[in-house]
>>> print(open('target08.txt').read())   # compact mmCIF, C-alpha atoms
# COMPACT_ATOMS: atom_id res chain seq x y z
CA MET A 9 75.20 104.26 123.44
CA SER A 10 75.19 108.05 123.38
CA ASP A 11 73.03 108.20 126.51
CA VAL A 12 75.62 106.15 128.36
CA GLN A 13 78.47 108.30 127.10
CA ASP A 14 76.61 111.43 128.24
CA ALA A 15 75.69 109.99 131.64
CA GLU A 16 77.58 111.00 134.75
CA SER A 17 80.53 108.74 135.43
CA LEU A 18 80.70 106.81 138.69
CA ASN A 19 83.97 106.28 140.52
CA TYR A 20 84.82 102.59 140.44
CA PRO A 21 84.99 100.44 142.55
CA ILE A 22 81.67 101.51 144.05
CA PRO A 23 81.72 101.53 147.88
CA ALA A 24 79.39 99.22 149.80
CA PRO A 25 77.49 100.15 152.97
CA ALA A 26 78.96 97.20 154.89
CA VAL A 27 81.52 94.42 154.40
CA LEU A 28 79.03 91.63 153.64
CA GLU A 29 76.60 93.79 151.67
CA PRO A 30 76.66 94.82 147.99
CA PRO A 31 76.77 98.46 146.84
CA ARG A 32 73.28 99.93 146.86
CA GLN A 33 73.74 101.20 143.30
CA TRP A 34 73.96 97.71 141.78
CA ALA A 35 70.19 97.17 141.63
CA ASP A 36 69.58 100.64 140.17
CA LEU A 37 72.32 100.16 137.56
CA ARG A 38 70.93 96.81 136.45
CA ARG A 39 67.50 98.36 136.06
CA SER A 40 68.24 101.76 134.52
CA CYS A 41 71.90 101.93 133.44
CA PRO A 42 73.23 98.41 132.83
CA VAL A 43 76.11 99.77 130.69
CA ALA A 44 77.36 102.51 132.97
CA PRO A 45 80.30 104.89 132.47
CA VAL A 46 82.84 104.61 135.28
CA THR A 47 86.15 106.22 136.20
CA LEU A 48 88.86 103.80 137.31
CA PRO A 49 91.46 104.53 140.03
CA SER A 50 93.90 105.50 137.26
CA GLY A 51 91.53 108.23 136.10
CA ASP A 52 90.82 106.38 132.84
CA ARG A 53 87.24 105.84 131.68
CA ALA A 54 85.55 102.48 131.16
CA VAL A 55 82.02 101.07 131.22
CA LEU A 56 80.56 98.79 133.89
CA LEU A 57 78.28 95.82 133.16
CA THR A 58 75.99 94.61 135.96
CA ARG A 59 73.36 92.39 134.29
CA TYR A 60 73.87 88.61 134.29
CA GLU A 61 73.27 88.07 130.57
CA ASP A 62 75.42 91.07 129.59
CA VAL A 63 78.36 89.97 131.75
CA LYS A 64 78.06 86.39 130.50
CA THR A 65 78.02 87.60 126.90
CA ALA A 66 80.95 89.97 127.36
CA LEU A 67 83.10 87.26 128.92
CA SER A 68 82.31 84.78 126.13
CA ASP A 69 82.08 86.91 122.97
CA PRO A 70 85.27 86.78 120.84
CA ARG A 71 84.72 90.44 119.87
CA LEU A 72 85.82 91.30 123.40
CA SER A 73 89.23 90.12 124.55
CA ARG A 74 91.56 90.21 127.51
CA GLU A 75 94.58 90.47 125.21
CA GLY A 76 93.30 93.81 123.90
CA LEU A 77 93.88 95.33 127.32
CA ALA A 78 97.55 95.66 126.37
CA LEU A 79 96.65 98.10 123.56
CA PRO A 80 97.62 101.77 124.07
CA ASP A 81 94.03 103.01 124.15
CA ALA A 82 92.84 100.46 126.71
CA ALA A 83 91.97 101.85 130.13
CA ARG A 84 94.48 101.32 132.91
CA VAL A 85 93.21 100.19 136.28
CA ALA A 86 95.92 101.36 138.63
CA ALA A 87 97.14 104.88 139.20
CA GLY A 88 100.89 105.34 138.91
CA ALA A 89 101.62 101.92 137.46
CA SER A 90 103.72 101.78 134.31
CA GLU A 91 101.62 98.90 133.09
CA GLY A 92 98.51 97.28 134.43
CA ILE A 93 98.30 93.67 135.47
CA PHE A 94 96.82 92.84 132.05
CA SER A 95 99.80 94.35 130.22
CA SER A 96 102.44 93.32 132.75
CA PRO A 97 105.48 91.23 131.71
CA MET A 98 103.69 88.20 133.15
CA ALA A 99 100.55 88.81 131.06
CA LYS A 100 102.58 89.53 127.92
CA ALA A 101 104.53 86.29 128.31
CA LEU A 102 101.33 84.27 128.70
CA ASN A 103 99.75 85.98 125.69
CA ALA A 104 102.83 85.17 123.63
CA GLU A 105 102.26 81.45 124.28
CA GLY A 106 98.83 81.68 122.67
CA HIS A 107 95.95 81.46 125.10
CA GLY A 108 94.37 78.30 123.67
CA ARG A 109 97.70 76.51 123.48
CA TRP A 110 98.70 77.60 126.99
CA ARG A 111 95.36 76.60 128.49
CA ARG A 112 95.54 73.14 126.93
CA MET A 113 99.08 72.59 128.20
CA VAL A 114 98.30 73.67 131.75
CA GLY A 115 94.65 72.66 131.98
CA LYS A 116 95.32 68.95 131.57
CA TRP A 117 96.78 68.99 135.10
CA PHE A 118 93.65 70.59 136.61
CA THR A 119 91.21 67.74 136.04
CA ALA A 120 88.45 66.77 138.48
CA LYS A 121 90.22 63.47 139.16
CA ARG A 122 93.50 65.16 140.06
CA MET A 123 91.81 67.79 142.21
CA SER A 124 89.78 65.14 144.06
CA ALA A 125 92.98 63.26 144.79
CA LEU A 126 94.24 66.34 146.66
CA ARG A 127 91.18 66.46 148.96
CA PRO A 128 92.53 64.19 151.76
CA GLY A 129 95.72 66.26 152.00
CA MET A 130 93.68 69.48 152.13
CA GLU A 131 91.55 68.18 154.98
CA ALA A 132 94.61 66.90 156.85
CA MET A 133 96.28 70.31 156.60
CA ALA A 134 93.05 72.06 157.63
CA ASP A 135 92.88 69.79 160.68
CA GLN A 136 96.47 70.68 161.53
CA LEU A 137 95.75 74.40 161.18
CA VAL A 138 92.66 74.10 163.40
CA ASP A 139 94.87 72.37 165.99
CA GLY A 140 97.11 75.42 165.94
CA MET A 141 94.14 77.75 166.29
CA LEU A 142 92.83 75.80 169.28
CA GLU A 143 96.26 75.93 170.87
CA HIS A 144 96.32 79.69 170.32
CA GLY A 145 93.00 80.04 172.12
CA GLN A 146 89.97 82.19 171.53
CA PRO A 147 89.26 84.61 170.09
CA ALA A 148 91.41 83.75 167.09
CA ASP A 149 91.75 85.23 163.62
CA LEU A 150 90.53 82.69 161.07
CA VAL A 151 92.36 84.54 158.28
CA THR A 152 95.73 84.13 159.99
CA HIS A 153 95.13 80.59 161.25
CA LEU A 154 93.31 78.97 158.32
CA ALA A 155 92.06 81.06 155.39
CA PHE A 156 95.48 82.29 154.27
CA PRO A 157 97.84 79.41 155.15
CA LEU A 158 95.67 76.60 153.72
CA PRO A 159 95.60 77.84 150.07
CA VAL A 160 99.30 78.75 150.33
CA PHE A 161 100.13 75.22 151.45
CA VAL A 162 98.03 73.67 148.67
CA ILE A 163 99.40 75.74 145.78
CA CYS A 164 102.99 75.54 147.04
CA HIS A 165 102.65 71.77 147.32
CA MET A 166 101.22 71.56 143.79
CA LEU A 167 103.89 73.76 142.22
CA GLY A 168 106.81 72.52 144.30
CA VAL A 169 107.44 75.95 145.81
CA PRO A 170 108.84 76.45 149.36
CA GLU A 171 105.97 77.40 151.65
CA SER A 172 108.52 79.26 153.78
CA ASP A 173 108.57 81.96 151.10
CA ARG A 174 104.87 82.78 151.59
CA ASP A 175 105.54 86.25 153.02
CA ARG A 176 107.36 87.13 149.79
CA PHE A 177 104.39 85.92 147.71
CA LYS A 178 102.06 88.01 149.85
CA SER A 179 104.18 91.12 149.34
CA TRP A 180 104.33 90.69 145.57
CA SER A 181 100.62 89.90 145.41
CA ASP A 182 99.70 93.03 147.35
CA THR A 183 101.79 95.13 144.96
CA PHE A 184 100.23 93.69 141.80
CA LEU A 185 96.65 93.85 143.09
CA ASN A 186 96.79 97.31 144.67
CA THR A 187 95.19 100.04 142.60
CA THR A 188 96.48 103.15 144.37
CA ARG A 189 99.32 102.50 146.79
CA TYR A 190 102.43 101.68 144.75
CA THR A 191 104.45 103.80 142.32
CA ARG A 192 105.48 102.84 138.82
CA ASP A 193 109.02 102.03 139.96
CA GLU A 194 107.80 99.90 142.88
CA THR A 195 105.46 97.91 140.64
CA THR A 196 108.14 97.38 137.99
CA ALA A 197 110.65 96.27 140.63
CA ALA A 198 108.16 93.79 142.12
CA HIS A 199 107.49 92.25 138.70
CA GLN A 200 111.23 91.79 138.15
CA GLU A 201 111.87 90.35 141.62
CA PHE A 202 109.05 87.85 141.24
CA ALA A 203 110.22 86.82 137.76
CA ASP A 204 113.79 86.36 139.00
CA TYR A 205 112.54 84.25 141.91
CA MET A 206 110.47 82.01 139.63
CA SER A 207 113.33 81.71 137.10
CA GLY A 208 115.57 80.42 139.89
CA LEU A 209 112.97 77.86 140.97
CA ILE A 210 112.51 76.60 137.43
CA ALA A 211 116.25 76.31 136.90
CA GLY A 212 116.45 74.16 140.03
CA LYS A 213 113.64 71.90 138.81
CA ARG A 214 115.26 71.55 135.41
CA ALA A 215 118.35 70.24 137.16
CA ARG A 216 116.42 68.09 139.65
CA PRO A 217 112.82 67.53 138.50
CA GLY A 218 110.17 66.27 140.92
CA ASP A 219 106.54 65.27 140.62
CA ASP A 220 105.24 68.82 141.06
CA LEU A 221 103.35 70.83 138.44
CA LEU A 222 106.29 73.02 137.42
CA SER A 223 108.42 69.94 136.78
CA LEU A 224 105.61 68.37 134.75
CA LEU A 225 105.23 71.54 132.68
CA LEU A 226 108.98 71.58 132.06
CA ALA A 227 108.73 68.11 130.54
CA GLY A 228 105.46 68.75 128.71
CA THR A 229 104.83 69.73 125.09
CA ASP A 230 101.92 70.93 123.01
CA ALA A 231 100.10 68.99 120.29
CA ASP A 232 102.98 69.71 117.89
CA GLY A 233 105.62 68.47 120.32
CA GLU A 234 106.79 71.99 121.19
CA PRO A 235 107.57 72.86 124.82
CA MET A 236 106.47 76.01 126.61
CA SER A 237 108.99 78.84 126.37
CA GLU A 238 111.14 79.79 129.34
CA ALA A 239 109.28 83.09 129.68
CA GLY A 240 105.98 81.21 129.49
CA LEU A 241 107.04 78.81 132.24
CA VAL A 242 108.08 81.67 134.50
CA ALA A 243 104.82 83.55 133.89
CA THR A 244 102.76 80.38 134.40
CA GLY A 245 104.40 79.76 137.76
CA GLN A 246 103.77 83.37 138.76
CA ALA A 247 100.12 83.37 137.64
CA LEU A 248 99.26 80.07 139.33
CA LEU A 249 101.01 81.02 142.55
CA LEU A 250 99.23 84.38 142.77
CA ALA A 251 95.80 83.13 141.74
CA GLY A 252 96.16 79.95 143.78
CA HIS A 253 96.38 81.64 147.14
CA GLU A 254 95.01 85.19 147.04
CA THR A 255 91.45 84.72 145.81
CA THR A 256 90.87 81.37 147.53
CA ALA A 257 92.00 82.78 150.87
CA GLY A 258 89.60 85.68 150.43
CA PHE A 259 86.69 83.43 149.47
CA LEU A 260 87.35 81.10 152.40
CA ALA A 261 87.18 83.84 155.02
CA MET A 262 84.15 85.47 153.41
CA MET A 263 82.36 82.10 153.20
CA VAL A 264 82.70 81.56 156.94
CA ALA A 265 81.69 85.16 157.68
CA HIS A 266 78.49 84.81 155.63
CA LEU A 267 77.59 81.48 157.20
CA LEU A 268 78.14 82.76 160.73
CA SER A 269 76.49 86.16 160.18
CA ASP A 270 73.15 84.33 160.16
CA ARG A 271 73.47 81.39 162.56
CA ARG A 272 70.66 79.52 160.82
CA ARG A 273 72.92 78.91 157.84
CA TRP A 274 75.64 77.30 159.95
CA GLU A 275 73.14 75.21 161.91
CA ARG A 276 71.59 73.96 158.69
CA LEU A 277 74.96 72.65 157.50
CA LEU A 278 75.61 71.02 160.87
CA ALA A 279 72.29 69.20 160.54
CA ASP A 280 72.89 68.22 156.89
CA PRO A 281 76.56 68.06 155.77
CA SER A 282 75.42 67.05 152.27
CA LEU A 283 74.69 70.76 151.80
CA ILE A 284 78.38 71.67 152.02
CA ARG A 285 78.87 71.59 148.26
CA PRO A 286 75.82 73.74 147.36
CA ALA A 287 76.65 76.05 150.28
CA VAL A 288 80.08 76.71 148.79
CA GLU A 289 78.52 77.48 145.42
CA GLU A 290 75.95 79.78 146.99
CA THR A 291 78.67 81.66 148.86
CA LEU A 292 80.53 82.15 145.58
CA ARG A 293 77.34 83.58 144.06
CA PHE A 294 76.18 85.59 147.04
CA ASP A 295 79.37 87.26 148.27
CA PRO A 296 79.70 90.80 146.87
CA ASN A 297 83.47 90.85 147.43
CA GLY A 298 84.82 87.54 146.16
CA SER A 299 84.96 88.41 142.47
CA GLY A 300 86.72 91.60 143.45
CA PHE A 301 87.18 94.28 140.84
CA GLY A 302 85.64 92.15 138.11
CA MET A 303 87.10 91.03 134.79
CA LEU A 304 88.16 93.56 132.19
CA ARG A 305 87.68 93.20 128.46
CA TYR A 306 88.59 95.35 125.44
CA VAL A 307 85.98 95.75 122.67
CA HIS A 308 87.38 95.05 119.19
CA GLU A 309 84.07 95.41 117.32
CA ASP A 310 80.84 97.22 118.15
CA THR A 311 78.81 94.77 120.25
CA GLU A 312 75.11 94.87 121.11
CA LEU A 313 74.04 94.03 124.66
CA SER A 314 70.68 94.26 126.40
CA GLY A 315 71.72 97.61 127.85
CA GLY A 316 73.07 99.17 124.67
CA THR A 317 76.00 99.08 122.25
CA LEU A 318 79.62 98.73 123.29
CA PRO A 319 81.65 100.76 120.78
CA ARG A 320 84.95 99.48 119.47
CA GLY A 321 87.84 100.63 121.66
CA THR A 322 85.85 100.56 124.90
CA THR A 323 87.28 98.99 128.02
CA VAL A 324 84.62 97.02 129.85
CA VAL A 325 84.47 96.05 133.52
CA CYS A 326 82.42 92.87 133.91
CA SER A 327 81.12 92.75 137.48
CA MET A 328 80.46 89.07 138.08
CA ALA A 329 79.43 89.85 141.66
CA ALA A 330 76.76 92.32 140.53
CA ALA A 331 75.58 89.90 137.84
CA ASN A 332 75.28 87.18 140.46
CA ARG A 333 72.66 89.33 142.24
CA ASP A 334 70.59 89.92 139.08
CA GLU A 335 66.91 89.55 139.96
CA HIS A 336 66.14 88.34 136.42
CA ALA A 337 68.61 85.46 136.69
CA TRP A 338 67.87 84.26 140.22
CA ASP A 339 64.83 83.72 142.39
CA ALA A 340 65.29 85.66 145.64
CA ALA A 341 68.64 86.90 144.39
CA ASP A 342 69.39 88.81 147.59
CA ASP A 343 68.78 85.79 149.82
CA MET A 344 71.53 83.32 150.68
CA ASP A 345 70.09 79.83 150.23
CA VAL A 346 72.67 77.15 151.06
CA SER A 347 70.62 74.53 149.20
CA ARG A 348 70.26 76.55 145.97
CA SER A 349 70.55 74.33 142.89
CA PRO A 350 71.26 74.71 140.04
CA ASN A 351 73.61 77.61 140.62
CA PRO A 352 75.29 78.80 137.38
CA HIS A 353 77.01 81.78 139.01
CA LEU A 354 79.79 83.73 137.32
CA ALA A 355 82.24 83.96 140.25
CA PHE A 356 84.94 82.18 138.22
CA GLY A 357 84.03 83.84 134.96
CA VAL A 358 82.80 82.00 131.91
CA GLY A 359 84.11 81.25 128.44
CA PRO A 360 87.70 80.75 127.28
CA HIS A 361 89.21 82.86 130.07
CA SER A 362 87.25 81.34 132.96
CA CYS A 363 89.35 80.52 135.99
CA LEU A 364 91.61 77.56 135.27
CA GLY A 365 91.90 76.66 138.95
CA GLN A 366 88.20 76.78 139.83
CA LEU A 367 88.03 73.03 140.58
CA LEU A 368 90.97 73.42 142.93
CA ALA A 369 89.39 76.41 144.68
CA ARG A 370 86.07 74.60 145.08
CA MET A 371 87.82 71.57 146.56
CA GLU A 372 89.71 73.73 149.07
CA LEU A 373 86.58 75.56 150.16
CA GLN A 374 84.66 72.31 150.59
CA ALA A 375 87.54 70.71 152.51
CA ALA A 376 87.94 73.68 154.85
CA LEU A 377 84.21 73.90 155.55
CA THR A 378 84.00 70.15 156.18
CA VAL A 379 86.79 70.33 158.76
CA LEU A 380 85.40 73.44 160.49
CA LEU A 381 81.92 71.92 160.86
CA ARG A 382 83.39 68.70 162.24
CA ARG A 383 85.96 70.24 164.57
CA LEU A 384 84.25 73.48 165.64
CA PRO A 385 80.47 73.07 165.54
CA THR A 386 80.03 75.95 168.00
CA LEU A 387 82.09 78.35 165.88
CA GLY A 388 80.85 81.92 166.03
CA LEU A 389 81.92 85.44 165.12
CA GLY A 390 84.16 87.09 167.69
CA VAL A 391 82.99 90.59 166.73
CA ALA A 392 79.79 92.15 165.46
CA VAL A 393 79.29 91.84 161.70
CA GLN A 394 79.44 95.63 161.34
CA ASP A 395 82.93 95.63 162.87
CA LEU A 396 84.45 93.45 160.14
CA ARG A 397 86.78 95.33 157.79
CA ARG A 398 88.11 94.67 154.29
CA HIS A 399 91.39 95.54 152.67
CA GLU A 400 90.59 98.54 150.48
CA GLY A 401 92.29 99.64 147.27
CA LEU A 402 92.90 96.12 145.97
CA LEU A 403 91.55 94.35 142.89
CA THR A 404 90.26 91.82 145.40
CA SER A 405 88.62 92.84 148.69
CA PRO A 406 89.56 90.26 151.35
CA LEU A 407 88.79 90.61 155.02
CA ARG A 408 91.54 92.14 157.15
CA ALA A 409 90.71 89.64 159.88
CA LEU A 410 87.90 87.29 160.91
CA PRO A 411 87.86 86.97 164.72
CA VAL A 412 86.07 83.79 165.82
CA THR A 413 85.18 81.99 169.03
CA TRP A 414 83.99 78.43 169.70
>>> encode(input="target08.txt", output="structure tokens")
Amino acid sequence: MSDVQDAESLNYPIPAPAVLEPPRQWADLRRSCPVAPVTLPSGDRAVLLTRYEDVKTALSDPRLSREGLALPDAARVAAGASEGIFSSPMAKALNAEGHGRWRRMVGKWFTAKRMSALRPGMEAMADQLVDGMLEHGQPADLVTHLAFPLPVFVICHMLGVPESDRDRFKSWSDTFLNTTRYTRDETTAAHQEFADYMSGLIAGKRARPGDDLLSLLLAGTDADGEPMSEAGLVATGQALLLAGHETTAGFLAMMVAHLLSDRRRWERLLADPSLIRPAVEETLRFDPNGSGFGMLRYVHEDTELSGGTLPRGTTVVCSMAAANRDEHAWDAADDMDVSRSPNPHLAFGVGPHSCLGQLLARMELQAALTVLLRRLPTLGLGVAVQDLRRHEGLLTSPLRALPVTW
């Protein structure tokens, strides 16, 4: 990989020409520099993977791990932070539980049957939120009225967390996901505040358990009859709460923006609602923002990929969004086809660290789209596509607002 090491380093994340478009460099990188040196916001060096097969391999190969990101020589993402999100107290507590053990204990509550049972409640809440948006009048911001509050309601309901605290979750989430804005002391303080908050919630559920996920985890044990540690419970609550609202809210707004940016897509779903499910999957593949920064991995042993060798000690950025536009993996990769099937995209990752809540996220996106098509068939963008703006400097890149009319 000497050629890669000698190549000029790109600043990462790579800017895109417009909100709904991918960076122009992605196609060139996949073709001529699929293992590309990059400089992260912290100033640390890493390598970027953009090919589908390389990203899929890196996310699945045991020689690359997420746990290794806590090692001293691993690249840090954020500038000024005392510890990145992968070596934060939350991440360390989850690692201490043992990833396989933790995933088995939590994953049994995220089955297709359980997620499907939540669908009617999701649609009912989406209907209620649309009522509020109609009462507000047009134009209205879909992020404020639907995309953000719906996932917050769902995950708070699942975990048994007061929805009234959502502004606090948003503040903590912004701190953890920001790569440039917050100082080391501010990040450390936010981690402690969030942990204290979750500890208080868990203590209350231990005294008065309910039928929510945190109460079920409190009573649960592993295959050897051992419960999850207190630190593990706190970190699990934090991780699920953050992941359960931030990324889904971003995907939801981007999904609607993509569908409305070319009216033919929206009209096709109106004519054939059976396409809602594949349309959600295609949005997850097609959107250049939804997978955000990408997943990081640390290389424990030299690993051969199609683009070269990853030396031991390298920090790797796996761009699922770039991989999802790989011309060798998809026919007409740069076209959004709402009927595309099969669609083995990498938006939720792959392998042992793939997103635990992906069934939940899919169900929310399908429920929201179903309600919008039924209630607001004339929905349209309230501004020109080129006037849409993202939040910059975050590990995710959600829309600041999505003005709509109907």
>>> closest_residue(input="target08.txt", among="A:Arg39, A:Arg112, A:Glu29, A:Arg59", to="A:Ala331", atoms="all atoms listed in the file")
A:Arg59
>>> residues_near_point(input="target08.txt", point="(76.6, 97.8, 144.5)", cutoff="10 Å", atoms="all atoms listed in the file", output="list in words")
Pro21, Ile22, Pro23, Ala24, Pro25, Glu29, Pro30, Pro31, Arg32, Gln33, Trp34, Ala35, Asp36, Leu37, Arg38, Thr58, Pro296, Ser327, Ala329, Ala330 and Arg333 of chain A
>>> closest_atom_pairs(input="target08.txt", of="stretch 228-279 of chain A", to="stretch 351-375 of chain A", cutoff="8 Å", atoms="all atoms listed in the file", output="JSON lines")
{"residue": "A:Gly252", "atom": "CA", "partner": "A:Gly365", "partner_atom": "CA", "distance": 7.2}
{"residue": "A:Thr256", "atom": "CA", "partner": "A:Ala369", "partner_atom": "CA", "distance": 5.9}
{"residue": "A:Phe259", "atom": "CA", "partner": "A:Leu373", "partner_atom": "CA", "distance": 7.9}
{"residue": "A:Leu260", "atom": "CA", "partner": "A:Leu373", "partner_atom": "CA", "distance": 6.0}
>>> closest_residue(input="target08.txt", among="A:Glu309, A:Asp139, A:Glu105, A:Glu254", to="A:Ser179", atoms="all atoms listed in the file")
A:Glu254
>>> atom_distance(input="target08.txt", atom1="atom CA of A:Pro411", atom2="atom CA of A:Ala148")
5.3 Å
>>> residues_around(input="target08.txt", residues="A:Leu102", least_positions_apart="6", cutoff="12 Å", atoms="only C-alpha atoms", output="PDB file with C-alpha atoms, in the frame of the given file")
ATOM      1  CA  ARG A  74      91.560  90.210 127.510  1.00  0.00           C
ATOM      2  CA  GLU A  75      94.580  90.470 125.210  1.00  0.00           C
ATOM      3  CA  ILE A  93      98.300  93.670 135.470  1.00  0.00           C
ATOM      4  CA  PHE A  94      96.820  92.840 132.050  1.00  0.00           C
ATOM      5  CA  SER A  95      99.800  94.350 130.220  1.00  0.00           C
ATOM      6  CA  SER A  96     102.440  93.320 132.750  1.00  0.00           C
ATOM      7  CA  GLY A 108      94.370  78.300 123.670  1.00  0.00           C
ATOM      8  CA  ARG A 109      97.700  76.510 123.480  1.00  0.00           C
ATOM      9  CA  TRP A 110      98.700  77.600 126.990  1.00  0.00           C
ATOM     10  CA  ARG A 111      95.360  76.600 128.490  1.00  0.00           C
ATOM     11  CA  MET A 113      99.080  72.590 128.200  1.00  0.00           C
ATOM     12  CA  VAL A 114      98.300  73.670 131.750  1.00  0.00           C
ATOM     13  CA  MET A 236     106.470  76.010 126.610  1.00  0.00           C
ATOM     14  CA  SER A 237     108.990  78.840 126.370  1.00  0.00           C
ATOM     15  CA  GLU A 238     111.140  79.790 129.340  1.00  0.00           C
ATOM     16  CA  ALA A 239     109.280  83.090 129.680  1.00  0.00           C
ATOM     17  CA  GLY A 240     105.980  81.210 129.490  1.00  0.00           C
ATOM     18  CA  LEU A 241     107.040  78.810 132.240  1.00  0.00           C
ATOM     19  CA  VAL A 242     108.080  81.670 134.500  1.00  0.00           C
ATOM     20  CA  ALA A 243     104.820  83.550 133.890  1.00  0.00           C
ATOM     21  CA  THR A 244     102.760  80.380 134.400  1.00  0.00           C
ATOM     22  CA  GLY A 245     104.400  79.760 137.760  1.00  0.00           C
ATOM     23  CA  GLN A 246     103.770  83.370 138.760  1.00  0.00           C
ATOM     24  CA  ALA A 247     100.120  83.370 137.640  1.00  0.00           C
ATOM     25  CA  LEU A 248      99.260  80.070 139.330  1.00  0.00           C
TER      26      LEU A 248
END
>>> closest_residue(input="target08.txt", among="A:Val162, A:Val412, A:Leu142, A:Ala198", to="A:Asp182", atoms="only C-alpha atoms")
A:Ala198
>>> atom_distance(input="target08.txt", atom1="atom CA of A:Ala66", atom2="atom CA of A:Ala341")
21.2 Å
>>> closest_residue(input="target08.txt", among="A:Met303, A:Val151, A:Val160, A:Met263", to="A:Val63", atoms="all atoms listed in the file")
A:Met303
>>> residues_around(input="target08.txt", residues="A:Leu384", least_positions_apart="2", cutoff="10 Å", atoms="all atoms listed in the file", output="PyMOL selection string")
chain A and resi 138+142+379-382+386-388+413-414
>>> build_atoms(input="target08.txt", residues="stretch 228-240 of chain A", atoms="N, CA, C and O atoms", output="mmCIF file, in the frame of the given file")
data_model
loop_
_atom_site.group_PDB
_atom_site.id
_atom_site.type_symbol
_atom_site.label_atom_id
_atom_site.label_comp_id
_atom_site.auth_asym_id
_atom_site.auth_seq_id
_atom_site.Cartn_x
_atom_site.Cartn_y
_atom_site.Cartn_z
ATOM 1 N N GLY A 228 106.602 68.857 129.598
ATOM 2 C CA GLY A 228 105.460 68.750 128.710
ATOM 3 C C GLY A 228 105.648 69.452 127.380
ATOM 4 O O GLY A 228 106.523 70.310 127.220
ATOM 5 N N THR A 229 104.817 69.092 126.418
ATOM 6 C CA THR A 229 104.830 69.730 125.090
ATOM 7 C C THR A 229 103.389 69.927 124.635
ATOM 8 O O THR A 229 102.450 69.372 125.204
ATOM 9 N N ASP A 230 103.248 70.738 123.583
ATOM 10 C CA ASP A 230 101.920 70.930 123.010
ATOM 11 C C ASP A 230 101.626 69.851 121.988
ATOM 12 O O ASP A 230 102.392 68.887 121.847
ATOM 13 N N ALA A 231 100.515 70.009 121.246
ATOM 14 C CA ALA A 231 100.100 68.990 120.290
ATOM 15 C C ALA A 231 101.123 68.792 119.170
ATOM 16 O O ALA A 231 101.175 67.730 118.546
ATOM 17 N N ASP A 232 101.959 69.806 118.929
ATOM 18 C CA ASP A 232 102.980 69.710 117.890
ATOM 19 C C ASP A 232 104.331 69.281 118.442
ATOM 20 O O ASP A 232 105.343 69.323 117.721
ATOM 21 N N GLY A 233 104.368 68.911 119.720
ATOM 22 C CA GLY A 233 105.620 68.470 120.320
ATOM 23 C C GLY A 233 106.525 69.597 120.777
ATOM 24 O O GLY A 233 107.685 69.367 121.110
ATOM 25 N N GLU A 234 105.986 70.842 120.795
ATOM 26 C CA GLU A 234 106.790 71.990 121.190
ATOM 27 C C GLU A 234 106.605 72.297 122.675
ATOM 28 O O GLU A 234 105.482 72.314 123.171
ATOM 29 N N PRO A 235 107.695 72.545 123.397
ATOM 30 C CA PRO A 235 107.570 72.860 124.820
ATOM 31 C C PRO A 235 107.150 74.312 125.028
ATOM 32 O O PRO A 235 107.200 75.131 124.110
ATOM 33 N N MET A 236 106.770 74.627 126.242
ATOM 34 C CA MET A 236 106.470 76.010 126.610
ATOM 35 C C MET A 236 107.792 76.766 126.703
ATOM 36 O O MET A 236 108.822 76.215 127.097
ATOM 37 N N SER A 237 107.775 78.036 126.309
ATOM 38 C CA SER A 237 108.990 78.840 126.370
ATOM 39 C C SER A 237 109.405 79.083 127.817
ATOM 40 O O SER A 237 108.614 78.928 128.750
ATOM 41 N N GLU A 238 110.657 79.486 127.992
ATOM 42 C CA GLU A 238 111.140 79.790 129.340
ATOM 43 C C GLU A 238 110.321 80.927 129.960
ATOM 44 O O GLU A 238 109.916 80.854 131.121
ATOM 45 N N ALA A 239 110.078 81.975 129.168
ATOM 46 C CA ALA A 239 109.280 83.090 129.680
ATOM 47 C C ALA A 239 107.865 82.641 130.030
ATOM 48 O O ALA A 239 107.279 83.091 131.018
ATOM 49 N N GLY A 240 107.319 81.733 129.220
ATOM 50 C CA GLY A 240 105.980 81.210 129.490
ATOM 51 C C GLY A 240 105.934 80.396 130.765
ATOM 52 O O GLY A 240 104.977 80.483 131.540
#
